[in-house]
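Novice: Got a structure here, written out as structure tokens. Questions coming.
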Amino acid sequence: MKHQDTAQQIIKAVGGKDNINSVYHCVTRLRFDLKSNDNVDSGALKQLDKVMGTNISGDQFQVIIGNDVSKVFDAMVKEEPSIQQNADNKQAKPEKSKNVILSIFETIAGVFAPMLPAITAAGMLKGLLALFVSLEWMSAGTDTYRILSAIGDGVFHYLPLLIAVSAARKFGSNPFVAIALGTALMYPDMGALLSSGEAVAFLGIPVTAVSYASSVIPILLAVWLMSYVEKWVDRIIPAALKLLLVPLITLLVMVPVTLIAIGPLGTFVGNGLSGGINWLLNEGGLIAGIVLGGAMALIIMTGMHYALVPIILSNIATLGFDKFLPLTFISNMGQAGATLGVFFRANDKKLKTVALSTSFTALMGVTEPAMYGVNMKYKKPFAAAMIGSAVGGGFALAFGAKAYVLAGNGGLPGLPSLVGQTFLYSFGGMIIAFVVGTIVSILFGIKEEEGDAEALAKFAPGATNANVTTDKAVKIEAPVNMEDPGAPAPTGDAIAYAPMTGRAIPLQEVNDPTFGDELMGKGVAFVPTLGELVSPVTGTVMNVFKTKHAIVVRSDEGMELLIHVGINTVKLRGRYFDSHVLAGTRVQAGDLLLTFELDEIAKEYDITTAMVVTNTADYKEITPIQLGNIQMGENVLKAKL
């Protein structure tokens with residue numbers, strides 16, 4: 001599917017352009033500010049090839065794309081230019097109760113996400129330079145090194161200017177005025193004045209000496225306050241004088257206020273946050289590594305890791321290292337390992353291919369395909385990933401693992417950011433997380449999604465095994481050997497009775513190629529008029545699908561029948577269905593197997609029910625006995641050896 005087509009369908013699925021206040025993107029996600037999240041068709045989004053999943057963080061609706069997110073975003077903006085986030089399209093939503101802490105996290109994330117390409121590029125370069133020097137491939141005193149260092153260090157030295165632009169866009173103020181505020185704080189003579197060691201005052205008011213180079217919180221708070229000052233000034237100044245006086249008055253107010261109050265306050269807040277988290281990382285050691293390492297995937301899912309970027313940057317600027325970053329690498333390795341475990345445990349070839357490929361992308365630092373496409377879908381691998389990350393994180397922090405630059409990639413390509421005295425401990429934690437995640441995922445196993453074509457293939461002609469699920473409400477009677485449900489071979493001709501009341505139709509009329517093209521085997525289909533399904537034969541229940549929409553029964557003569565109620569009803573996840581038997585239960589023809597709410601299911605899905613002989617290859621001929629209106633229990637299908 002072309003990116004433009006994907007963009008059009010995403011816009012439609014999130015409620016159309018009229019429901020979009022604004023949108024921007026980070027490394028892997030489209031982040032929507034919508035008028036109402038209730039207008040989103042999440043089901044339609046998840047059907048798109050490019051969409052790996054969706055997530056809601058506070059009021060922000062996120063569509064997870066992966067590596068192609070920038071291409072899809074560009075296509076969306078080309079389709080509807082007005083939806084790109086800027087100062088003019090930040091519309092207020094209806095007032096409602098909202099967690100203050102979550103709002104702060106969302107705001108910080110919204111400011112830093114657009115800046116990440118510049119920050120991560122500079123961080124990666126700094127990491128590579130450190131690696132080259134440690135390997136003696138380059139000398140720190142050469143002109144080449146100094147020029148490359150300027151590329152990497154310049155972004156971080158002038159970080160307040162980047163923050164000023166992004167924060168101005170976030171808060172709806174003029175980004176150029178915000179830059180002017182930042183340049184005043186970082187003007188060389190201002191730096192010399194504040195670092196002179198002598199008392200500094202503005203109009204007799206003391207100014208606290210603060211270094212603004214590489215700082216984060218002071219400029220963030222300053223631009224936030226500036227957005228209110230600028231709007232207030234704009235309201236009281238006549239239109240003819242706005243261009244001149246609004247920026248002038250805003251700067252004349254905000255620069256002194258920042259120097260006198262906001263700068264010191266921001267520095268205090270930033271140092272306090274950094275100190276608290278660093279205390280936990282330093283003093284918590286093994287325990288902090290286990291807790292934070294295990295929870296890292298959840299932190300990333302909510303987007304809260306972006307809120308920690310200011311603290312990470314502050315640590316690197318002031319301490320020369322950060323202890324939180326190694327945990328992001330370790331978490332990614334846990335996800336990669338758990339997905340590799342799915343590769344080893346899965347039976348379905350398509351799933352094995354997906355698991356192996358997404359494990360590789362997670363190793364490269366892009367975890368969304370593994371996390372959302374495999375691990376969370378099957379649940380147990382996600383738990384395995386968290387366990388692996390917890391063990392790896394505990395090991396790393398127990399030995400004080402550190403990162404020395406913000407490389408922006410938490411996978412193998414980002415390893416240069418860990419190069420330093422503790423590199424082996426960080427890398428060791430990554431290996432442990434990967435290995436433990438893989439082993440635990442293999443031990444936990446998975447329940448492969450049942451009901452789609454890939455899962456149904458296990459019952460196709462020639463299949464010799466089936467995964468068994470049970471319903472604890474019914475006691476198993478006369479259990480059979482489930483290790484080889486395909487044996488023994490049929491012993492004679494067989495007759496199947498209609499399992500439901502309604503209209504019998506040729507299997508070829510089923511609107512699903514899996515059944516209509518007889519990929520599963522020959523048989524007959526029904527359009528039911530009653531929400532009851534009974535056994536078409538006397539024999540044994542071989543499988544009750546977890547989602548209760550399908551069941552497999554084998555007759556005493558050896559005919560194996562798969563009865564699948566509706567098309568794509570696996571998506572109901574068992575809603576509207578009740579099973580009345582267990583795998584292994586002995587049944588007589590006409591015994592009740594399933595009940596279902598026919599009217600409710602029909603509102604959402606095609607209710608046509610297929611009954612196929614999955615061991616068709618064992619018979620010379622399988623033909624319907626009658627078609628048209630039929631009553632439950634009437635002869636409907638015969639199989640001849």
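FYI, nothing fancy with the structure tokens labels: chains A, B, ... in order, residues from 1 per chain, ligands from 1 as they appear.
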Just want the 6 Å neighbourhood of A:Ser555, counted on only C-alpha atoms, with same-chain residues fewer than 3 positions away dropped. Output as a list in words.
Specialist: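 The contact residues come out as Val537, Thr538, Gly539, Gly558 and Met559 of chain A.
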Novice: Could those selected residues go to a file with C-alpha atoms, as a PDB file, in the first residue's frame?
Specialist:
ATOM      1  CA  VAL A 537     -21.896 -37.064  14.755  1.00  0.00           C
ATOM      2  CA  THR A 538     -21.455 -39.489  17.614  1.00  0.00           C
ATOM      3  CA  GLY A 539     -17.824 -39.317  18.648  1.00  0.00           C
ATOM      4  CA  GLY A 558     -12.941 -41.412  11.999  1.00  0.00           C
ATOM      5  CA  MET A 559     -14.469 -38.468  10.117  1.00  0.00           C
TER       6      MET A 559
END
Novice: For the atom pair atom CA of A:Met500 and atom CA of A:Thr595, what is the interatomic distance in Å to one decimal place?
Specialist: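 We find that atom CA of A:Met500 and atom CA of A:Thr595 lie 10.4 Å from each other.
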Novice: Could you give me, as a PyMOL selection string, the residues within 12 Å of A:Asp606, counting only C-alpha atoms and dropping anything in the same chain fewer than 5 positions from it?
Specialist: chain A and resi 510-512+526-528+564-570+598-601
Novice: Within 12 Å of stretch 191-197 of chain A, counting only C-alpha atoms, which residues qualify if same-chain residues fewer than 4 places away don't, as an mmCIF file with N, CA, C and O atoms, in the first residue's frame?
Specialist:
data_model
loop_
_atom_site.group_PDB
_atom_site.id
_atom_site.type_symbol
_atom_site.label_atom_id
_atom_site.label_comp_id
_atom_site.auth_asym_id
_atom_site.auth_seq_id
_atom_site.Cartn_x
_atom_site.Cartn_y
_atom_site.Cartn_z
ATOM 1 N N THR A 183 18.736 33.356 23.303
ATOM 2 C CA THR A 183 20.038 33.936 22.945
ATOM 3 C C THR A 183 20.473 34.983 23.956
ATOM 4 O O THR A 183 21.674 35.138 24.217
ATOM 5 N N ALA A 184 19.529 35.723 24.540
ATOM 6 C CA ALA A 184 19.888 36.692 25.575
ATOM 7 C C ALA A 184 20.499 35.997 26.784
ATOM 8 O O ALA A 184 21.481 36.473 27.368
ATOM 9 N N LEU A 185 19.932 34.861 27.151
ATOM 10 C CA LEU A 185 20.451 34.118 28.304
ATOM 11 C C LEU A 185 21.839 33.545 28.025
ATOM 12 O O LEU A 185 22.652 33.395 28.940
ATOM 13 N N MET A 186 22.104 33.204 26.747
ATOM 14 C CA MET A 186 23.357 32.546 26.399
ATOM 15 C C MET A 186 24.369 33.479 25.739
ATOM 16 O O MET A 186 25.430 33.044 25.298
ATOM 17 N N TYR A 187 24.059 34.768 25.683
ATOM 18 C CA TYR A 187 24.987 35.737 25.109
ATOM 19 C C TYR A 187 26.313 35.692 25.865
ATOM 20 O O TYR A 187 26.323 35.650 27.105
ATOM 21 N N ALA A 201 23.008 42.665 39.673
ATOM 22 C CA ALA A 201 21.655 43.130 39.984
ATOM 23 C C ALA A 201 21.044 43.764 38.748
ATOM 24 O O ALA A 201 21.749 44.302 37.880
ATOM 25 N N PHE A 202 19.713 43.704 38.660
ATOM 26 C CA PHE A 202 18.972 44.364 37.594
ATOM 27 C C PHE A 202 17.970 45.303 38.252
ATOM 28 O O PHE A 202 17.068 44.850 38.988
ATOM 29 N N PRO A 206 18.623 41.553 42.981
ATOM 30 C CA PRO A 206 19.745 40.607 42.793
ATOM 31 C C PRO A 206 19.427 39.562 41.721
ATOM 32 O O PRO A 206 18.302 39.083 41.602
ATOM 33 N N VAL A 207 20.445 39.231 40.945
ATOM 34 C CA VAL A 207 20.353 38.192 39.926
ATOM 35 C C VAL A 207 21.253 37.036 40.349
ATOM 36 O O VAL A 207 22.447 37.233 40.589
ATOM 37 N N THR A 208 20.667 35.847 40.468
ATOM 38 C CA THR A 208 21.423 34.667 40.869
ATOM 39 C C THR A 208 22.254 34.156 39.704
ATOM 40 O O THR A 208 21.768 34.082 38.571
ATOM 41 N N ALA A 209 23.510 33.840 39.976
ATOM 42 C CA ALA A 209 24.403 33.332 38.932
ATOM 43 C C ALA A 209 24.004 31.910 38.549
ATOM 44 O O ALA A 209 24.045 31.003 39.386
ATOM 45 N N VAL A 210 23.588 31.734 37.309
ATOM 46 C CA VAL A 210 23.189 30.429 36.777
ATOM 47 C C VAL A 210 23.791 30.270 35.392
ATOM 48 O O VAL A 210 23.773 31.210 34.594
ATOM 49 N N SER A 211 24.305 29.081 35.099
ATOM 50 C CA SER A 211 24.806 28.807 33.758
ATOM 51 C C SER A 211 23.675 28.205 32.925
ATOM 52 O O SER A 211 23.079 27.188 33.298
ATOM 53 N N TYR A 212 23.373 28.832 31.795
ATOM 54 C CA TYR A 212 22.253 28.379 30.976
ATOM 55 C C TYR A 212 22.677 27.455 29.838
ATOM 56 O O TYR A 212 21.824 26.857 29.183
ATOM 57 N N ALA A 213 23.977 27.363 29.587
ATOM 58 C CA ALA A 213 24.448 26.454 28.545
ATOM 59 C C ALA A 213 24.075 25.019 28.904
ATOM 60 O O ALA A 213 24.283 24.582 30.040
ATOM 61 N N LEU A 259 16.065 35.745 34.505
ATOM 62 C CA LEU A 259 17.342 35.863 35.212
ATOM 63 C C LEU A 259 17.147 35.936 36.725
ATOM 64 O O LEU A 259 17.917 35.345 37.492
ATOM 65 N N ILE A 260 16.111 36.641 37.142
ATOM 66 C CA ILE A 260 15.907 36.875 38.580
ATOM 67 C C ILE A 260 15.226 35.693 39.259
ATOM 68 O O ILE A 260 15.607 35.294 40.367
ATOM 69 N N GLY A 263 15.136 31.283 36.152
ATOM 70 C CA GLY A 263 16.396 30.562 35.989
ATOM 71 C C GLY A 263 16.818 29.835 37.249
ATOM 72 O O GLY A 263 17.051 28.619 37.236
#
Novice: Pick out the residues sitting within 7 Å of A:Ile630, and hand them over as a list in words; count only C-alpha atoms, and ignore anything fewer than 6 positions along from it in its own chain.
Specialist: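 The residues that qualify are Thr501, Gly502, Arg503 and Ala504 of chain A.
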Novice: Dump all heavy atoms for the selected residues as a PDB file, in the first residue's frame?
Specialist:
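again17.pdb, freshly written:
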ATOM      1  N   THR A 501     -30.146 -25.390  12.762  1.00  0.00           N
ATOM      2  CA  THR A 501     -31.349 -25.157  11.959  1.00  0.00           C
ATOM      3  C   THR A 501     -31.155 -23.903  11.121  1.00  0.00           C
ATOM      4  O   THR A 501     -30.637 -22.895  11.610  1.00  0.00           O
ATOM      5  CB  THR A 501     -32.575 -24.980  12.875  1.00  0.00           C
ATOM      6  OG1 THR A 501     -32.803 -26.201  13.575  1.00  0.00           O
ATOM      7  CG2 THR A 501     -33.820 -24.611  12.076  1.00  0.00           C
ATOM      8  N   GLY A 502     -31.556 -23.962   9.849  1.00  0.00           N
ATOM      9  CA  GLY A 502     -31.395 -22.814   8.975  1.00  0.00           C
ATOM     10  C   GLY A 502     -31.454 -23.228   7.532  1.00  0.00           C
ATOM     11  O   GLY A 502     -32.320 -24.012   7.132  1.00  0.00           O
ATOM     12  N   ARG A 503     -30.515 -22.749   6.738  1.00  0.00           N
ATOM     13  CA  ARG A 503     -30.473 -23.061   5.311  1.00  0.00           C
ATOM     14  C   ARG A 503     -29.092 -23.600   4.965  1.00  0.00           C
ATOM     15  O   ARG A 503     -28.076 -22.955   5.247  1.00  0.00           O
ATOM     16  CB  ARG A 503     -30.777 -21.807   4.484  1.00  0.00           C
ATOM     17  CG  ARG A 503     -30.808 -22.029   2.982  1.00  0.00           C
ATOM     18  CD  ARG A 503     -31.478 -20.828   2.277  1.00  0.00           C
ATOM     19  NE  ARG A 503     -30.823 -19.581   2.630  1.00  0.00           N
ATOM     20  CZ  ARG A 503     -29.792 -19.046   1.957  1.00  0.00           C
ATOM     21  NH1 ARG A 503     -29.327 -19.679   0.870  1.00  0.00           N
ATOM     22  NH2 ARG A 503     -29.262 -17.910   2.323  1.00  0.00           N
ATOM     23  N   ALA A 504     -29.043 -24.798   4.372  1.00  0.00           N
ATOM     24  CA  ALA A 504     -27.780 -25.400   3.955  1.00  0.00           C
ATOM     25  C   ALA A 504     -27.430 -24.896   2.560  1.00  0.00           C
ATOM     26  O   ALA A 504     -28.284 -24.844   1.667  1.00  0.00           O
ATOM     27  CB  ALA A 504     -27.887 -26.915   3.954  1.00  0.00           C
TER      28      ALA A 504
END
Novice: Taking only C-alpha atoms into account, which of A:Leu286, A:Ala317, A:Ala362, A:Ala346 comes nearest A:Gly400?
Specialist: A:Leu286
